[in-house]
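> Structure file final-v2.tsv (TSV, C-alpha atoms) is given on the next line.
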```
chain	number	residue	atom	x	y	z
R	1	MET	CA	0.00	0.00	0.00
R	2	ARG	CA	1.20	3.53	-0.81
R	3	ALA	CA	2.02	5.49	2.32
R	4	HIS	CA	0.09	8.71	2.91
R	5	TYR	CA	1.21	11.58	5.15
R	6	ASP	CA	-0.15	14.90	6.31
R	7	VAL	CA	3.13	16.57	5.31
R	8	ILE	CA	6.33	15.42	3.63
R	9	LEU	CA	9.41	17.63	3.98
R	10	VAL	CA	11.94	17.05	1.18
R	11	GLY	CA	15.44	17.94	2.35
R	12	ALA	CA	16.53	17.82	6.01
R	13	GLY	CA	18.42	21.09	6.09
R	14	LEU	CA	17.88	24.09	8.34
R	15	ALA	CA	14.50	25.29	7.01
R	16	ASN	CA	12.73	21.94	6.79
R	17	GLY	CA	14.40	20.76	9.98
R	18	LEU	CA	12.97	23.71	11.90
R	19	ILE	CA	9.55	23.10	10.35
R	20	ALA	CA	9.70	19.45	11.44
R	21	LEU	CA	10.69	20.37	15.00
R	22	ARG	CA	8.02	23.04	15.31
R	23	LEU	CA	5.35	20.66	14.00
R	24	ARG	CA	6.42	18.06	16.56
R	25	GLN	CA	6.07	20.69	19.28
R	26	LEU	CA	2.75	22.22	18.24
R	27	GLN	CA	1.04	19.54	16.14
R	28	PRO	CA	2.40	16.14	17.19
R	29	GLN	CA	-0.72	14.42	15.88
R	30	LEU	CA	0.22	15.20	12.26
R	31	LYS	CA	1.82	12.39	10.28
R	32	CYS	CA	5.05	14.06	9.15
R	33	LEU	CA	7.90	12.56	7.12
R	34	LEU	CA	11.33	14.19	6.69
R	35	LEU	CA	13.43	12.99	3.73
R	36	GLU	CA	17.19	13.45	3.30
R	37	SER	CA	19.22	12.21	0.34
R	38	ASP	CA	22.50	12.11	2.29
R	39	ALA	CA	23.50	9.65	4.99
R	40	HIS	CA	22.95	12.24	7.74
R	41	PRO	CA	20.49	15.11	8.18
R	42	ALA	CA	21.50	18.78	8.45
R	43	GLY	CA	24.63	18.50	6.32
R	44	ASN	CA	27.92	20.01	7.48
R	45	HIS	CA	27.23	23.61	8.41
R	46	THR	CA	27.33	26.23	11.11
R	47	TRP	CA	24.29	28.52	11.27
R	48	SER	CA	24.75	31.77	13.15
R	49	PHE	CA	22.51	34.66	14.11
R	50	HIS	CA	22.28	37.67	16.39
R	51	GLN	CA	19.92	37.19	19.31
R	52	SER	CA	18.25	40.50	18.37
R	53	ASP	CA	17.26	38.91	15.03
R	54	LEU	CA	14.60	36.88	16.87
R	55	SER	CA	11.70	37.65	19.16
R	56	ALA	CA	11.70	36.41	22.76
R	57	ASP	CA	9.13	33.73	21.89
R	58	GLN	CA	11.15	32.52	18.92
R	59	LEU	CA	14.33	32.38	20.97
R	60	ARG	CA	12.55	30.38	23.66
R	61	TRP	CA	11.79	27.37	21.45
R	62	LEU	CA	15.07	27.66	19.54
R	63	GLN	CA	17.18	27.80	22.71
R	64	PRO	CA	17.78	24.02	23.07
R	65	LEU	CA	19.35	23.94	19.59
R	66	ILE	CA	22.00	26.58	20.26
R	67	THR	CA	25.52	25.17	20.37
R	68	ALA	CA	27.42	28.30	21.42
R	69	ARG	CA	26.64	31.85	22.50
R	70	TRP	CA	28.86	34.91	23.04
R	71	PRO	CA	27.96	38.30	24.60
R	72	GLY	CA	29.47	40.30	21.73
R	73	TYR	CA	31.66	40.22	18.66
R	74	GLN	CA	34.32	42.25	16.90
R	75	VAL	CA	35.16	43.45	13.41
R	76	ARG	CA	38.53	44.42	12.02
R	77	PHE	CA	39.33	46.65	9.04
R	78	PRO	CA	42.49	48.45	7.91
R	79	ALA	CA	41.41	51.67	9.67
R	80	LEU	CA	38.89	50.34	12.19
R	81	ARG	CA	38.79	47.78	14.98
R	82	ARG	CA	35.55	47.64	16.95
R	83	ASN	CA	33.85	45.51	19.61
R	84	LEU	CA	30.05	45.39	19.52
R	85	ASP	CA	27.70	44.20	22.26
R	86	GLY	CA	24.77	41.86	21.77
R	87	ASP	CA	24.54	38.08	21.98
R	88	TYR	CA	25.76	36.19	18.93
R	89	CYS	CA	24.71	32.54	18.63
R	90	SER	CA	25.61	29.52	16.53
R	91	ILE	CA	24.00	26.16	15.84
R	92	ALA	CA	26.30	23.35	14.69
R	93	SER	CA	24.77	20.95	12.19
R	94	GLY	CA	25.87	17.96	14.26
R	95	ASP	CA	23.87	19.18	17.25
R	96	PHE	CA	20.93	20.08	15.02
R	97	ALA	CA	20.99	16.58	13.51
R	98	ARG	CA	20.83	14.98	16.95
R	99	HIS	CA	17.73	16.99	17.80
R	100	LEU	CA	16.12	16.01	14.50
R	101	LEU	CA	16.85	12.33	15.04
R	102	ALA	CA	15.47	12.42	18.57
R	103	ALA	CA	12.30	14.28	17.54
R	104	MET	CA	11.52	12.46	14.28
R	105	GLY	CA	12.67	8.89	14.98
R	106	ASP	CA	11.52	6.58	12.19
R	107	ASP	CA	9.87	9.52	10.42
R	108	LEU	CA	13.29	10.76	9.32
R	109	TRP	CA	14.56	8.84	6.29
R	110	THR	CA	18.18	9.27	5.24
R	111	ASN	CA	19.76	8.00	2.02
R	112	ALA	CA	16.35	8.75	0.50
R	113	ALA	CA	17.21	10.19	-2.91
R	114	VAL	CA	14.27	11.91	-4.58
R	115	LYS	CA	13.45	11.69	-8.27
R	116	GLN	CA	10.45	14.01	-8.47
R	117	VAL	CA	8.61	16.41	-6.18
R	118	LYS	CA	5.01	17.55	-6.67
R	119	PRO	CA	2.74	19.53	-4.32
R	120	THR	CA	1.12	16.33	-2.99
R	121	GLN	CA	3.47	13.55	-4.10
R	122	VAL	CA	7.12	12.48	-3.91
R	123	THR	CA	8.71	9.87	-6.14
R	124	LEU	CA	11.90	8.36	-4.71
R	125	ALA	CA	14.83	7.33	-6.85
R	126	ASP	CA	14.02	3.67	-6.17
R	127	GLY	CA	10.56	4.13	-7.68
R	128	ARG	CA	8.51	4.31	-4.49
R	129	GLU	CA	5.75	6.90	-4.48
R	130	LEU	CA	4.66	8.76	-1.34
R	131	ASP	CA	1.48	10.79	-1.05
R	132	ALA	CA	0.77	13.68	1.28
R	133	GLN	CA	-1.72	16.43	1.80
R	134	VAL	CA	1.22	18.82	1.32
R	135	VAL	CA	4.83	18.37	0.21
R	136	ILE	CA	7.34	21.11	1.12
R	137	ASP	CA	10.49	21.33	-1.01
R	138	GLY	CA	13.49	22.57	0.98
R	139	ARG	CA	16.38	21.42	-1.22
R	140	GLY	CA	18.08	24.78	-1.60
R	141	LEU	CA	17.98	27.55	-4.18
R	142	GLN	CA	17.24	26.15	-7.62
R	143	PRO	CA	18.88	27.69	-10.71
R	144	THR	CA	16.85	30.69	-11.82
R	145	PRO	CA	17.28	33.45	-14.40
R	146	HIS	CA	14.94	35.66	-12.37
R	147	LEU	CA	17.39	36.71	-9.65
R	148	GLN	CA	20.55	38.74	-10.22
R	149	LEU	CA	22.95	37.42	-7.63
R	150	GLY	CA	26.36	37.97	-6.15
R	151	TYR	CA	27.73	35.35	-3.80
R	152	GLN	CA	29.31	34.90	-0.40
R	153	VAL	CA	31.55	31.86	-0.77
R	154	PHE	CA	33.63	30.38	2.02
R	155	LEU	CA	35.63	27.45	3.25
R	156	GLY	CA	35.78	26.84	6.98
R	157	GLN	CA	37.96	24.60	9.11
R	158	GLU	CA	37.36	23.60	12.71
R	159	TRP	CA	40.66	23.11	14.54
R	160	GLN	CA	41.60	21.59	17.85
R	161	LEU	CA	44.59	23.77	18.67
R	162	ALA	CA	47.82	22.73	20.33
R	163	GLN	CA	47.30	25.43	22.97
R	164	PRO	CA	44.58	27.94	24.02
R	165	HIS	CA	43.88	30.67	21.49
R	166	GLY	CA	42.96	33.45	23.94
R	167	LEU	CA	40.07	34.72	21.82
R	168	GLN	CA	37.09	35.77	23.96
R	169	GLN	CA	34.52	36.61	21.27
R	170	PRO	CA	33.88	35.90	17.60
R	171	ILE	CA	35.55	37.92	14.89
R	172	LEU	CA	32.72	38.34	12.40
R	173	MET	CA	34.90	40.11	9.87
R	174	ASP	CA	38.65	40.55	9.74
R	175	ALA	CA	39.11	42.44	6.49
R	176	THR	CA	42.72	43.40	7.20
R	177	VAL	CA	43.70	40.42	5.05
R	178	ASP	CA	44.67	40.62	1.38
R	179	GLN	CA	41.45	41.29	-0.54
R	180	GLN	CA	42.18	39.09	-3.58
R	181	ALA	CA	39.54	39.50	-6.34
R	182	GLY	CA	36.66	40.80	-4.21
R	183	TYR	CA	35.68	41.67	-0.65
R	184	ARG	CA	37.45	39.10	1.51
R	185	PHE	CA	37.48	38.58	5.26
R	186	VAL	CA	38.23	35.87	7.81
R	187	TYR	CA	35.41	34.81	10.14
R	188	THR	CA	36.39	33.12	13.41
R	189	LEU	CA	34.32	31.47	16.14
R	190	PRO	CA	35.97	30.47	19.46
R	191	LEU	CA	34.08	27.23	20.19
R	192	SER	CA	36.10	26.44	23.31
R	193	ALA	CA	39.34	27.59	24.92
R	194	ASP	CA	41.39	25.61	22.39
R	195	ARG	CA	38.97	25.02	19.50
R	196	LEU	CA	38.29	27.43	16.63
R	197	LEU	CA	36.20	27.57	13.48
R	198	ILE	CA	38.11	29.69	10.95
R	199	GLU	CA	36.47	30.59	7.64
R	200	ASP	CA	38.03	32.22	4.60
R	201	THR	CA	35.15	34.22	3.09
R	202	HIS	CA	34.76	36.12	-0.18
R	203	TYR	CA	32.01	38.33	-1.64
R	204	VAL	CA	32.43	37.63	-5.34
R	205	ASN	CA	30.52	37.73	-8.63
R	206	GLN	CA	30.68	33.98	-9.34
R	207	PRO	CA	29.85	31.06	-7.00
R	208	THR	CA	33.34	29.57	-7.09
R	209	LEU	CA	36.20	29.33	-4.62
R	210	ALA	CA	39.74	28.04	-5.03
R	211	GLU	CA	39.64	25.60	-2.12
R	212	ASN	CA	43.37	24.90	-1.84
R	213	SER	CA	44.07	28.63	-1.78
R	214	ALA	CA	41.42	29.06	0.93
R	215	ARG	CA	43.05	26.33	3.02
R	216	GLN	CA	46.39	28.11	2.69
R	217	HIS	CA	44.77	31.42	3.63
R	218	ILE	CA	43.43	29.83	6.83
R	219	ALA	CA	46.86	28.38	7.68
R	220	ASP	CA	48.53	31.74	7.05
R	221	TYR	CA	45.94	33.58	9.13
R	222	ALA	CA	46.27	31.18	12.06
R	223	LYS	CA	50.03	31.59	12.00
R	224	GLN	CA	49.70	35.38	11.88
R	225	GLN	CA	47.41	35.29	14.94
R	226	GLY	CA	49.84	33.07	16.85
R	227	TRP	CA	47.50	30.06	16.87
R	228	ARG	CA	49.13	26.63	16.67
R	229	PRO	CA	46.87	24.21	14.74
R	230	GLY	CA	46.79	20.72	16.18
R	231	THR	CA	44.06	18.49	14.74
R	232	LEU	CA	41.72	19.36	11.90
R	233	LEU	CA	38.28	18.21	13.12
R	234	ARG	CA	36.18	19.01	10.08
R	235	GLU	CA	35.86	21.24	7.03
R	236	GLU	CA	32.77	22.97	5.68
R	237	HIS	CA	32.01	24.78	2.45
R	238	GLY	CA	29.32	27.31	1.67
R	239	ILE	CA	27.84	29.38	-1.15
R	240	LEU	CA	25.31	31.97	0.04
R	241	PRO	CA	23.33	34.02	-2.48
R	242	ILE	CA	23.45	37.82	-2.25
R	243	THR	CA	20.54	39.40	-4.12
R	244	LEU	CA	21.18	42.45	-6.30
R	245	SER	CA	17.82	42.59	-8.09
R	246	GLY	CA	15.21	40.28	-9.55
R	247	ASP	CA	11.77	39.69	-10.96
R	248	ILE	CA	9.81	38.33	-8.01
R	249	ASP	CA	6.72	37.59	-10.11
R	250	ARG	CA	8.60	35.30	-12.49
R	251	PHE	CA	10.55	33.77	-9.62
R	252	TRP	CA	7.30	32.57	-8.06
R	253	GLN	CA	5.81	31.54	-11.39
R	254	GLN	CA	8.81	29.21	-11.66
R	255	GLN	CA	7.67	27.43	-8.47
R	256	ARG	CA	4.45	26.29	-10.22
R	257	GLY	CA	2.47	26.15	-6.99
R	258	GLN	CA	4.98	23.94	-5.18
R	259	PRO	CA	5.18	24.75	-1.43
R	260	CYS	CA	8.84	25.40	-0.64
R	261	SER	CA	11.06	26.66	2.15
R	262	GLY	CA	14.44	28.21	2.88
R	263	LEU	CA	16.64	29.32	0.00
R	264	ARG	CA	14.29	27.63	-2.46
R	265	ALA	CA	11.65	30.17	-1.43
R	266	GLY	CA	14.17	33.03	-1.61
R	267	LEU	CA	14.11	33.38	2.17
R	268	PHE	CA	17.46	34.78	3.27
R	269	HIS	CA	18.92	38.15	4.24
R	270	ALA	CA	19.72	39.80	0.92
R	271	THR	CA	23.07	41.21	2.07
R	272	THR	CA	24.44	38.80	4.68
R	273	GLY	CA	22.97	35.58	3.30
R	274	TYR	CA	21.84	34.62	6.82
R	275	SER	CA	18.72	32.46	6.60
R	276	LEU	CA	17.98	31.30	10.15
R	277	PRO	CA	15.63	34.13	11.25
R	278	SER	CA	13.48	33.68	8.14
R	279	ALA	CA	13.50	29.91	8.60
R	280	VAL	CA	12.31	30.28	12.20
R	281	ALA	CA	9.49	32.63	11.18
R	282	LEU	CA	8.40	30.32	8.34
R	283	ALA	CA	8.40	27.28	10.65
R	284	GLU	CA	6.08	29.12	13.02
R	285	LEU	CA	3.79	30.16	10.17
R	286	ILE	CA	3.51	26.66	8.72
R	287	ALA	CA	2.88	25.12	12.15
R	288	THR	CA	-0.16	27.39	12.53
R	289	LEU	CA	-1.48	26.73	9.00
R	290	LEU	CA	-1.40	22.94	8.86
R	291	PRO	CA	-3.38	20.92	8.21
R	292	THR	CA	-4.38	22.54	4.92
R	293	ASP	CA	-4.17	21.77	1.22
R	294	ALA	CA	-1.03	22.31	-0.88
R	295	ARG	CA	-2.45	25.19	-2.91
R	296	THR	CA	-3.41	27.17	0.17
R	297	LEU	CA	-0.08	26.52	1.87
R	298	SER	CA	1.85	27.55	-1.24
R	299	GLN	CA	-0.09	30.81	-1.39
R	300	HIS	CA	0.68	31.59	2.24
R	301	ILE	CA	4.40	30.83	1.79
R	302	GLU	CA	4.52	32.98	-1.34
R	303	ARG	CA	2.78	35.84	0.48
R	304	PHE	CA	5.28	35.56	3.34
R	305	ALA	CA	8.26	35.54	0.94
R	306	ARG	CA	6.92	38.45	-1.12
R	307	GLN	CA	6.57	40.51	2.04
R	308	GLN	CA	10.21	39.86	2.89
R	309	TRP	CA	11.18	40.75	-0.68
R	310	ARG	CA	9.47	44.13	-0.34
R	311	GLU	CA	11.07	44.76	3.05
R	312	GLN	CA	14.54	44.02	1.64
R	313	ARG	CA	14.41	46.35	-1.35
R	314	PHE	CA	16.84	48.73	0.36
R	315	PHE	CA	19.29	45.88	1.03
R	316	ARG	CA	19.32	44.96	-2.66
R	317	LEU	CA	20.10	48.57	-3.46
R	318	LEU	CA	23.08	48.46	-1.08
R	319	ASN	CA	24.22	45.20	-2.66
R	320	ARG	CA	24.28	46.85	-6.08
R	321	MET	CA	26.52	49.54	-4.65
R	322	LEU	CA	28.80	46.88	-3.16
R	323	PHE	CA	29.03	44.73	-6.29
R	324	LEU	CA	28.56	47.18	-9.16
R	325	ALA	CA	30.28	50.38	-7.97
R	326	GLY	CA	34.06	50.59	-7.76
R	327	LYS	CA	36.75	47.95	-7.98
R	328	PRO	CA	36.12	44.56	-6.32
R	329	GLN	CA	39.29	44.78	-4.22
R	330	GLN	CA	38.03	48.09	-2.78
R	331	ARG	CA	34.69	46.72	-1.52
R	332	TRP	CA	36.07	46.59	2.01
R	333	ARG	CA	35.81	50.39	2.15
R	334	VAL	CA	32.01	50.14	1.96
R	335	MET	CA	31.95	47.71	4.88
R	336	GLN	CA	34.45	49.69	6.94
R	337	ARG	CA	32.31	52.80	6.57
R	338	PHE	CA	29.19	50.85	7.56
R	339	TYR	CA	30.75	49.51	10.78
R	340	ARG	CA	31.52	53.04	11.95
R	341	LEU	CA	27.78	53.65	12.30
R	342	ASN	CA	25.61	53.49	15.44
R	343	ALA	CA	25.50	50.06	17.10
R	344	GLY	CA	21.70	50.08	17.18
R	345	LEU	CA	21.57	50.70	13.44
R	346	ILE	CA	23.97	47.81	12.84
R	347	SER	CA	21.78	45.53	14.95
R	348	ARG	CA	18.66	46.57	13.03
R	349	PHE	CA	20.52	46.00	9.76
R	350	TYR	CA	21.24	42.37	10.63
R	351	ALA	CA	17.63	41.90	11.78
R	352	GLY	CA	16.34	43.38	8.51
R	353	GLN	CA	14.44	46.05	10.45
R	354	LEU	CA	15.98	49.32	9.28
R	355	ARG	CA	14.04	52.50	9.97
R	356	LEU	CA	13.74	55.37	7.54
R	357	HIS	CA	16.36	57.44	9.33
R	358	ASP	CA	18.69	54.40	9.39
R	359	LYS	CA	18.50	54.20	5.60
R	360	ALA	CA	19.17	57.93	5.29
R	361	ARG	CA	22.16	57.64	7.63
R	362	ILE	CA	23.65	54.76	5.61
R	363	LEU	CA	23.40	56.70	2.34
R	364	CYS	CA	24.35	60.18	3.55
R	365	GLY	CA	27.82	61.57	2.99
R	366	LYS	CA	30.38	60.76	0.35
R	367	PRO	CA	30.18	57.10	-0.66
R	368	PRO	CA	33.38	55.04	-0.25
R	369	VAL	CA	33.26	54.25	-3.99
R	370	PRO	CA	33.43	56.54	-7.07
R	371	ILE	CA	30.35	58.80	-6.99
R	372	GLY	CA	29.51	58.26	-10.65
R	373	GLU	CA	29.55	54.50	-10.34
R	374	ALA	CA	27.58	54.65	-7.08
R	375	LEU	CA	24.84	56.69	-8.77
R	376	HIS	CA	24.81	54.28	-11.69
R	377	ALA	CA	24.38	51.32	-9.33
R	378	LEU	CA	21.63	53.10	-7.41
R	379	LEU	CA	19.61	54.40	-10.35
R	380	ASN	CA	20.14	52.08	-13.30
R	381	SER	CA	19.54	48.63	-11.84
R	382	VAL	CA	15.77	48.94	-11.57
R	383	GLU	CA	13.65	45.92	-10.69
R	384	PRO	CA	10.50	45.08	-12.67
R	385	GLY	CA	7.57	47.22	-11.59
R	386	LYS	CA	9.81	49.89	-10.01
R	387	LYS	CA	10.46	53.33	-11.43
R	388	LYS	CA	13.76	55.16	-11.32
```
Take the structure I supplied and represent it as structure tokens, if you would.


Amino acid sequence: MRAHYDVILVGAGLANGLIALRLRQLQPQLKCLLLESDAHPAGNHTWSFHQSDLSADQLRWLQPLITARWPGYQVRFPALRRNLDGDYCSIASGDFARHLLAAMGDDLWTNAAVKQVKPTQVTLADGRELDAQVVIDGRGLQPTPHLQLGYQVFLGQEWQLAQPHGLQQPILMDATVDQQAGYRFVYTLPLSADRLLIEDTHYVNQPTLAENSARQHIADYAKQQGWRPGTLLREEHGILPITLSGDIDRFWQQQRGQPCSGLRAGLFHATTGYSLPSAVALAELIATLLPTDARTLSQHIERFARQQWREQRFFRLLNRMLFLAGKPQQRWRVMQRFYRLNAGLISRFYAGQLRLHDKARILCGKPPVPIGEALHALLNSVEPGKKK
């Protein structure tokens, strides 16, 4: 007999994993199946966020998933070094996977390659067909001509050091390093007194990274900081989309009524690429909507994503300045100028909650890129339906 479910979640990454956990908490009676094509759920990632990105209620149910938390962070630029207050949190995919396995039990299938996904049906690679009232596709951003993107690409290594590193808080950006072919910085998380995650990160025009060069950059950076690598525990890779502009109508037409989540629904911070706050909000929304039919759920998800698209119009404008104005190796000047601003503004920027006067403050004054190119980036990259 063909199995039938209330909801099938295709892809056990961050977005669908949070949906599954929230459904278990709020609607445990629903028959929910989580499918993952790899041998383990959650992949090999580190998801980070600022505590101020979430509401108190959201933080309450997310709290058990948090692997590490710090009461502040720092940034470093050629002419600026600054410590900023505010809790910064990370969730390691290994810890997230353990929570998923405990919550889902036999309703989490790994090594479950999928051949086809429809709004109410999944066909596995082995030919089995699964039916559901709704199927949610969370397999990452699909190729699309309807978004103009830049990329944040990185390679990270988690090291058990030979001796304590002495770092008390994360370094979200150290842009004092050689800039290479675009905006480059090193991101470092102190996971324990002698364990570090070090990421070589680039804002670039193409989603590619020379991995061996990145590994050498990490080794050089560790040596420069006086850290003595001992044992390499793991390595992670990432490509985060940075949205410059797009046609949101055609993007959603491409979905063809398929309920989706995470990057596949375009749900990420347009400038930072952070996706956890949007994933948390979507998980809460879906947990209140189910049970419902696939068409209705898809409409609600699309409405939610379109609202975020409208709210992030200003961020896409800033991204065009970053990627289209000035030389790539000078992009750090834009970021250095930004991190001189008020700490509250910076916090609201990460949360995607800029006020009108915040936007005016970001744009006022002489831009740290050629004025002509800045104006071109601001005025000539107009999205469909918007006037110059």

> Please compute the CA of Glu302 in chain R-CA of Leu345 in chain R distance, one decimal, in Å.

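Taking CA of Glu302 in chain R as the start and CA of Leu345 in chain R as the end point, the length is 28.7 Å.
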
> Just the number, please: distance in Å from CA of Val7 in chain R to CA of Arg128 in chain R, one decimal.

16.6 Å

> Here is a test: counting all atoms listed in the file, which residue of R:Gly105, R:Gly326, R:Gly94, R:Gly230 is nearest to Leu161 in chain R?

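Looking at the shortest contact to Leu161 in chain R, the residue is R:Gly230.
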
> Leaving out Val334 in chain R and any residue of its chain fewer than 3 positions from it, which residues lie within 7 Å of it when counting only C-alpha atoms, given as a PDB file with C-alpha atoms, in the frame of the given file?


```pdb
ATOM      1  CA  LEU R 322      28.800  46.880  -3.160  1.00  0.00           C
ATOM      2  CA  ARG R 331      34.690  46.720  -1.520  1.00  0.00           C
ATOM      3  CA  ARG R 337      32.310  52.800   6.570  1.00  0.00           C
ATOM      4  CA  PHE R 338      29.190  50.850   7.560  1.00  0.00           C
ATOM      5  CA  PRO R 368      33.380  55.040  -0.250  1.00  0.00           C
TER       6      PRO R 368
END
```

> For a test of reading the model, state the distance in Å between CA of Ile19 in chain R and CA of Gln299 in chain R, rounded to one decimal.

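Spanning CA of Ile19 in chain R to CA of Gln299 in chain R is a straight-line distance of 17.0 Å.
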
> Given the point (4.5, 35.3, -11.0) in the coordinates of this file, which residues lie within 12 Å, counting all atoms listed in the file, and how would they look as JSON, numbers by chain?

{"R": [146, 246, 247, 248, 249, 250, 251, 252, 253, 254, 255, 256, 257, 299, 302, 303, 306, 384]}

> For Leu147 in chain R, which residue out of R:Gly13, R:Pro241, R:Gly273, R:Gly262 is the nearest one, using all atoms listed in the file?

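Looking at the shortest contact to Leu147 in chain R, the residue is R:Pro241.
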
> If we count only C-alpha atoms and set the cut-off at 12 Å, which residues sit around Thr110 in chain R, ignoring sequence neighbours fewer than 6 positions away in its own chain? Please answer as a list in words.

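In the requested form, the answer reads Val10, Gly11, Ala12, Gly13, Leu33, Leu34, Leu35, Glu36, Ser37, Asp38, Ala39, His40, Pro41, Ala42, Gly43, Ala97, Leu100, Leu101, Met104 and Leu124 of chain R.
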
> Which one is closest to Ala102 in chain R: R:Ser261, R:Ile239, R:Arg24, R:Leu232? Count all atoms listed in the file.

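Nearest candidate to Ala102 in chain R out of R:Ser261, R:Ile239, R:Arg24, R:Leu232: R:Arg24.
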
> Excluding Gly127 in chain R and any residue of its chain fewer than 6 positions from it, enumerate the residues within 12 Å of it, using only C-alpha atoms, and give them as an MDAnalysis selection string.

chainID R and resid 2 112:116

> Quick one: everything within 12 Å of Ala219 in chain R, counting all atoms listed in the file, minus sequence neighbours fewer than 2 positions away in the same chain. Send it as an NGL selection string.

:R and (156-159 or 186 or 198-200 or 212-217 or 221-230 or 232)

> Find, counting all atoms listed in the file, the residue in R:Ala343, R:Ala132, R:Leu244, R:Ala15 that gets nearest to Pro277 in chain R.

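Checking each of R:Ala343, R:Ala132, R:Leu244, R:Ala15 against Pro277 in chain R, counting all atoms listed in the file, the winner is R:Ala15.
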
> Measuring between all atoms listed in the file, which one of R:Trp332, R:Tyr350, R:Tyr88, R:Tyr339 shows the shortest distance to Gln180 in chain R?

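Smallest distance to Gln180 in chain R is found for R:Trp332.
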
> Around (25.2, 39.0, 3.0) in the file's own coordinates, what residues are found within 10 Å if you use all atoms listed in the file, given back as a PDB file with C-alpha atoms, in the coordinates of the input?


```
ATOM      1  CA  GLY R 150      26.360  37.970  -6.150  1.00  0.00           C
ATOM      2  CA  TYR R 151      27.730  35.350  -3.800  1.00  0.00           C
ATOM      3  CA  GLN R 152      29.310  34.900  -0.400  1.00  0.00           C
ATOM      4  CA  TYR R 203      32.010  38.330  -1.640  1.00  0.00           C
ATOM      5  CA  LEU R 240      25.310  31.970   0.040  1.00  0.00           C
ATOM      6  CA  PRO R 241      23.330  34.020  -2.480  1.00  0.00           C
ATOM      7  CA  ILE R 242      23.450  37.820  -2.250  1.00  0.00           C
ATOM      8  CA  THR R 243      20.540  39.400  -4.120  1.00  0.00           C
ATOM      9  CA  PHE R 268      17.460  34.780   3.270  1.00  0.00           C
ATOM     10  CA  HIS R 269      18.920  38.150   4.240  1.00  0.00           C
ATOM     11  CA  ALA R 270      19.720  39.800   0.920  1.00  0.00           C
ATOM     12  CA  THR R 271      23.070  41.210   2.070  1.00  0.00           C
ATOM     13  CA  THR R 272      24.440  38.800   4.680  1.00  0.00           C
ATOM     14  CA  GLY R 273      22.970  35.580   3.300  1.00  0.00           C
ATOM     15  CA  TYR R 274      21.840  34.620   6.820  1.00  0.00           C
ATOM     16  CA  SER R 275      18.720  32.460   6.600  1.00  0.00           C
ATOM     17  CA  PHE R 315      19.290  45.880   1.030  1.00  0.00           C
ATOM     18  CA  ASN R 319      24.220  45.200  -2.660  1.00  0.00           C
ATOM     19  CA  TYR R 350      21.240  42.370  10.630  1.00  0.00           C
TER      20      TYR R 350
END
```

> Rank R:Thr288, R:Gln133, R:Thr188, R:Thr123 by their smallest atom-to-atom distance to Ala175 in chain R, using only C-alpha atoms, and report the top residue only.

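Nearest candidate to Ala175 in chain R out of R:Thr288, R:Gln133, R:Thr188, R:Thr123: R:Thr188.
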
> Using all atoms listed in the file, which residues sit within 10 Å of Leu23 in chain R once same-chain residues fewer than 5 positions away are excluded, as a list of chain:residue names?

R:Val7, R:Gly17, R:Leu18, R:Pro28, R:Gln29, R:Leu30, R:Lys31, R:Cys32, R:Ala283, R:Glu284, R:Ile286, R:Ala287, R:Thr288, R:Leu290

> Would you put the residues from that selection into a file with C-alpha atoms, as a JSON list (two decimals), in the frame of the given file?


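Written file, again-v5.json:
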```
[["chain", "number", "residue", "atom", "x", "y", "z"],
["R", 7, "VAL", "CA", 3.13, 16.57, 5.31],
["R", 17, "GLY", "CA", 14.40, 20.76, 9.98],
["R", 18, "LEU", "CA", 12.97, 23.71, 11.90],
["R", 28, "PRO", "CA", 2.40, 16.14, 17.19],
["R", 29, "GLN", "CA", -0.72, 14.42, 15.88],
["R", 30, "LEU", "CA", 0.22, 15.20, 12.26],
["R", 31, "LYS", "CA", 1.82, 12.39, 10.28],
["R", 32, "CYS", "CA", 5.05, 14.06, 9.15],
["R", 283, "ALA", "CA", 8.40, 27.28, 10.65],
["R", 284, "GLU", "CA", 6.08, 29.12, 13.02],
["R", 286, "ILE", "CA", 3.51, 26.66, 8.72],
["R", 287, "ALA", "CA", 2.88, 25.12, 12.15],
["R", 288, "THR", "CA", -0.16, 27.39, 12.53],
["R", 290, "LEU", "CA", -1.40, 22.94, 8.86]]
```
